[in-house]
Amino acid sequence: MIAEDSVLLREGLIRLLADAGIETAATVGDGPGLLGIVDEHDPDLAIVDVRMPPSFTDEGLRAALAVRERRPGTPILVLSQYVEERYATDLIGGGAEGVGYLLKERVSDIAEFIDAVRRIASGGTVIDPEVIGQLLGRRRSGDPLEALTPREGEVLALMAQGRSNGAIAADLVVTEGAVEKHISNIFMKLRLQPAQGGHRRVMAVLAYLGRTDA
């Protein structure tokens with residue numbers, strides 16, 4: 001389902017998704033209407049614009065947060081015109097599984113956009129690289145992330161984009177074993193213990209986005 005007030009973009013998204021074999025069950029043009037259609041259709045994914053009527057500030061983001069609170073685990077992909085770090089961290093702060101935050105310009109890369117849609121619907125996390133870049137640029141002294149090497153920072157950034165170990169290896173042109181070693185070092189430096197199991201990857205992304213005390 002799609003929550004987007006721009007008719008042109010909304011129809012364009014419907015067409016792009018249809019061409020990829022993805023059905024749009026319903027659309028809405030404002031934030032308050034999002035909850036109603038989510039309850040009615042129980043979608044595999046909701047694509048939500050941040051700024052919608054009536055005030056064109058953060059109605060879409062607030063509606064997305066309400067959906068996640070009311071129906072935990074509902075996959076949400078938030079689209080934004082500009083890099084707004086607070087929106088990304090507010091959204092992922094409620095749980096990183098099945099969450100995405102992308103700039104609208106990413107839609108123009110159709111293959112990448114459809115891949116992001118599928119990963120988020122499957123429970124993955126996809127954060128726009130420009131958001132990640134800004135977050136890296138404002139890290140405070142003493143932050144555990146400062147202990148990461150440049151390569152470990154690259155690996156964690158790709159983890160935040162929802163990349164699998166194999167995809168990270170391909171992007172960085174290294175072996176999957178090397179990626180696993182970097183991830184192990186990341187967990188150690190962020191003090192994420194083995195007892196935390198599979199959640200360590202999610203917690204590392206949350207730490208990266210500044211939403212945890214790790």
# chains A, B, ... in the order shown; residues from 1 in each chain; ligands from 1
>>> select_by_dssp(residues="chain A", states="strand (DSSP E or B)", output="ChimeraX atom specification")
/A:2-3,27-28,46-49,76-80,99-103,125-127
>>> write_last_selection(atoms="all heavy atoms", output="compact mmCIF listing (two decimals), in the first residue's frame")
# COMPACT_ATOMS: atom_id res chain seq x y z
N ILE A 2 0.32 2.34 -0.50
CA ILE A 2 1.09 3.57 -0.68
C ILE A 2 0.36 4.75 -0.04
O ILE A 2 -0.83 4.96 -0.30
CB ILE A 2 1.32 3.86 -2.18
CG1 ILE A 2 2.09 2.72 -2.84
CG2 ILE A 2 2.06 5.18 -2.37
CD1 ILE A 2 2.15 2.83 -4.36
N ALA A 3 1.08 5.52 0.77
CA ALA A 3 0.56 6.77 1.34
C ALA A 3 1.40 7.90 0.76
O ALA A 3 2.55 8.11 1.18
CB ALA A 3 0.64 6.75 2.87
N THR A 27 -4.28 2.88 -1.78
CA THR A 27 -3.50 4.12 -1.68
C THR A 27 -4.28 5.13 -0.84
O THR A 27 -5.50 5.04 -0.70
CB THR A 27 -3.23 4.75 -3.06
OG1 THR A 27 -4.47 5.13 -3.68
CG2 THR A 27 -2.48 3.77 -3.97
N VAL A 28 -3.54 6.09 -0.29
CA VAL A 28 -4.15 7.16 0.50
C VAL A 28 -3.29 8.40 0.33
O VAL A 28 -2.08 8.29 0.09
CB VAL A 28 -4.27 6.74 1.98
CG1 VAL A 28 -2.91 6.58 2.62
CG2 VAL A 28 -5.13 7.72 2.77
N ALA A 46 4.12 -1.06 3.60
CA ALA A 46 3.52 0.26 3.40
C ALA A 46 4.62 1.24 2.99
O ALA A 46 5.63 1.35 3.67
CB ALA A 46 2.84 0.74 4.68
N ILE A 47 4.43 1.90 1.86
CA ILE A 47 5.35 2.94 1.38
C ILE A 47 4.74 4.28 1.75
O ILE A 47 3.61 4.58 1.35
CB ILE A 47 5.56 2.84 -0.13
CG1 ILE A 47 6.18 1.48 -0.49
CG2 ILE A 47 6.48 3.97 -0.61
CD1 ILE A 47 6.34 1.24 -1.98
N VAL A 48 5.46 5.09 2.52
CA VAL A 48 4.87 6.28 3.13
C VAL A 48 5.73 7.52 2.88
O VAL A 48 6.94 7.51 3.14
CB VAL A 48 4.71 6.08 4.67
CG1 VAL A 48 3.99 7.27 5.29
CG2 VAL A 48 3.98 4.78 4.97
N ASP A 49 5.10 8.58 2.39
CA ASP A 49 5.77 9.87 2.25
C ASP A 49 5.84 10.54 3.62
O ASP A 49 4.88 10.45 4.41
CB ASP A 49 4.98 10.75 1.27
CG ASP A 49 5.65 12.09 0.98
OD1 ASP A 49 6.86 12.22 1.29
OD2 ASP A 49 4.97 12.98 0.47
N ILE A 76 7.67 -1.06 6.81
CA ILE A 76 7.44 0.33 6.42
C ILE A 76 8.63 0.85 5.63
O ILE A 76 9.78 0.73 6.05
CB ILE A 76 7.25 1.24 7.65
CG1 ILE A 76 6.05 0.79 8.50
CG2 ILE A 76 7.12 2.69 7.22
CD1 ILE A 76 4.71 1.19 7.96
N LEU A 77 8.36 1.44 4.47
CA LEU A 77 9.38 2.17 3.71
C LEU A 77 8.96 3.63 3.65
O LEU A 77 7.95 3.97 3.04
CB LEU A 77 9.52 1.61 2.29
CG LEU A 77 10.35 2.45 1.30
CD1 LEU A 77 11.74 2.73 1.84
CD2 LEU A 77 10.42 1.77 -0.06
N VAL A 78 9.73 4.49 4.32
CA VAL A 78 9.46 5.92 4.32
C VAL A 78 10.27 6.59 3.21
O VAL A 78 11.47 6.34 3.06
CB VAL A 78 9.80 6.54 5.69
CG1 VAL A 78 9.79 8.06 5.61
CG2 VAL A 78 8.81 6.07 6.75
N LEU A 79 9.59 7.42 2.42
CA LEU A 79 10.25 8.20 1.37
C LEU A 79 10.28 9.67 1.77
O LEU A 79 9.30 10.19 2.28
CB LEU A 79 9.50 8.05 0.04
CG LEU A 79 9.45 6.65 -0.57
CD1 LEU A 79 8.63 6.67 -1.86
CD2 LEU A 79 10.84 6.11 -0.85
N SER A 80 11.42 10.31 1.55
CA SER A 80 11.56 11.71 1.93
C SER A 80 12.24 12.49 0.81
O SER A 80 13.07 11.95 0.08
CB SER A 80 12.39 11.84 3.21
OG SER A 80 12.57 13.19 3.59
N VAL A 99 12.23 -2.15 8.10
CA VAL A 99 12.17 -0.69 8.10
C VAL A 99 13.08 -0.14 7.00
O VAL A 99 14.20 -0.62 6.80
CB VAL A 99 12.62 -0.12 9.47
CG1 VAL A 99 12.81 1.40 9.38
CG2 VAL A 99 11.60 -0.44 10.54
N GLY A 100 12.60 0.87 6.29
CA GLY A 100 13.42 1.53 5.29
C GLY A 100 13.20 3.02 5.29
O GLY A 100 12.11 3.50 5.61
N TYR A 101 14.26 3.76 4.98
CA TYR A 101 14.17 5.22 4.85
C TYR A 101 15.02 5.61 3.64
O TYR A 101 16.24 5.43 3.65
CB TYR A 101 14.69 5.92 6.11
CG TYR A 101 14.61 7.44 6.04
CD1 TYR A 101 13.52 8.11 6.59
CD2 TYR A 101 15.60 8.19 5.42
CE1 TYR A 101 13.44 9.49 6.53
CE2 TYR A 101 15.52 9.57 5.35
CZ TYR A 101 14.44 10.21 5.90
OH TYR A 101 14.36 11.58 5.83
N LEU A 102 14.36 6.07 2.58
CA LEU A 102 15.06 6.41 1.35
C LEU A 102 14.67 7.79 0.85
O LEU A 102 13.53 8.24 1.08
CB LEU A 102 14.72 5.39 0.25
CG LEU A 102 15.22 3.96 0.41
CD1 LEU A 102 14.68 3.09 -0.72
CD2 LEU A 102 16.74 3.90 0.45
N LEU A 103 15.59 8.45 0.18
CA LEU A 103 15.26 9.68 -0.52
C LEU A 103 14.46 9.34 -1.76
O LEU A 103 14.67 8.30 -2.40
CB LEU A 103 16.54 10.43 -0.91
CG LEU A 103 17.39 10.97 0.24
CD1 LEU A 103 18.60 11.71 -0.31
CD2 LEU A 103 16.59 11.86 1.16
N THR A 125 16.48 -4.17 6.64
CA THR A 125 16.59 -2.75 6.96
C THR A 125 17.35 -2.06 5.84
O THR A 125 18.42 -2.52 5.43
CB THR A 125 17.36 -2.53 8.27
OG1 THR A 125 16.74 -3.28 9.31
CG2 THR A 125 17.38 -1.05 8.66
N VAL A 126 16.80 -0.96 5.32
CA VAL A 126 17.45 -0.22 4.24
C VAL A 126 17.44 1.27 4.60
O VAL A 126 16.37 1.86 4.71
CB VAL A 126 16.74 -0.44 2.89
CG1 VAL A 126 17.44 0.37 1.80
CG2 VAL A 126 16.72 -1.92 2.52
N ILE A 127 18.62 1.85 4.79
CA ILE A 127 18.74 3.27 5.13
C ILE A 127 19.51 3.96 4.01
O ILE A 127 20.54 3.47 3.56
CB ILE A 127 19.48 3.48 6.47
CG1 ILE A 127 18.81 2.66 7.59
CG2 ILE A 127 19.51 4.96 6.83
CD1 ILE A 127 17.37 3.05 7.87
>>> select_by_dssp(residues="stretch 7-206 of chain A", states="helix (DSSP H, G or I)", output="PyMOL selection string")
chain A and resi 7-19+32-41+59-70+85-92+104-108+110-121+129-137+144-147+150-160+165-172+176-189+194-196+199-206
>>> residues_around(residues="A:Leu61", least_positions_apart="5", cutoff="9 Å", atoms="only C-alpha atoms", output="ChimeraX atom specification")
/A:31,48-51,66,78,87,90-91
>>> closest_residue(among="A:Lys189, A:Arg10, A:Arg163, A:Arg118", to="A:Glu146", atoms="only C-alpha atoms")
A:Lys189
>>> residues_around(residues="stretch 35-45 of chain A", least_positions_apart="3", cutoff="12 Å", atoms="only C-alpha atoms", output="ChimeraX atom specification")
/A:1-3,17,22-32,48,59-78,98-100,116-124
>>> write_last_selection(atoms="C-alpha atoms", output="compact mmCIF listing (two decimals), in the first residue's frame")
# COMPACT_ATOMS: atom_id res chain seq x y z
CA MET A 1 0.00 0.00 0.00
CA ILE A 2 1.09 3.57 -0.68
CA ALA A 3 0.56 6.77 1.34
CA LEU A 17 5.68 -2.01 -8.54
CA ILE A 22 4.04 -6.34 -6.86
CA GLU A 23 0.37 -5.48 -6.35
CA THR A 24 -0.70 -2.20 -4.73
CA ALA A 25 -3.68 -3.07 -2.54
CA ALA A 26 -4.66 0.50 -1.63
CA THR A 27 -3.50 4.12 -1.68
CA VAL A 28 -4.15 7.16 0.50
CA GLY A 29 -3.16 10.81 0.17
CA ASP A 30 -2.73 11.80 3.83
CA GLY A 31 -1.15 10.52 7.03
CA PRO A 32 -4.31 10.03 9.13
CA VAL A 48 4.87 6.28 3.13
CA GLU A 59 2.26 13.58 9.11
CA GLY A 60 3.46 10.58 7.16
CA LEU A 61 6.29 9.80 9.56
CA ARG A 62 3.97 10.10 12.58
CA ALA A 63 1.45 7.84 10.86
CA ALA A 64 4.18 5.30 10.10
CA LEU A 65 5.27 5.31 13.75
CA ALA A 66 1.64 4.82 14.79
CA VAL A 67 1.32 1.85 12.45
CA ARG A 68 4.44 0.24 13.93
CA GLU A 69 3.14 0.80 17.45
CA ARG A 70 -0.35 -0.49 16.68
CA ARG A 71 0.74 -3.33 14.40
CA PRO A 72 4.33 -4.25 15.38
CA GLY A 73 6.36 -5.77 12.60
CA THR A 74 4.47 -4.13 9.74
CA PRO A 75 7.17 -3.40 7.12
CA ILE A 76 7.44 0.33 6.42
CA LEU A 77 9.38 2.17 3.71
CA VAL A 78 9.46 5.92 4.32
CA GLY A 98 11.29 -4.38 8.17
CA VAL A 99 12.17 -0.69 8.10
CA GLY A 100 13.42 1.53 5.29
CA ALA A 116 14.91 -2.29 -1.36
CA VAL A 117 11.14 -2.89 -1.39
CA ARG A 118 11.62 -6.66 -1.41
CA ARG A 119 14.28 -6.59 1.32
CA ILE A 120 12.16 -4.45 3.63
CA ALA A 121 9.05 -6.59 3.03
CA SER A 122 11.18 -9.61 3.99
CA GLY A 123 12.19 -8.00 7.29
CA GLY A 124 15.39 -6.28 6.23
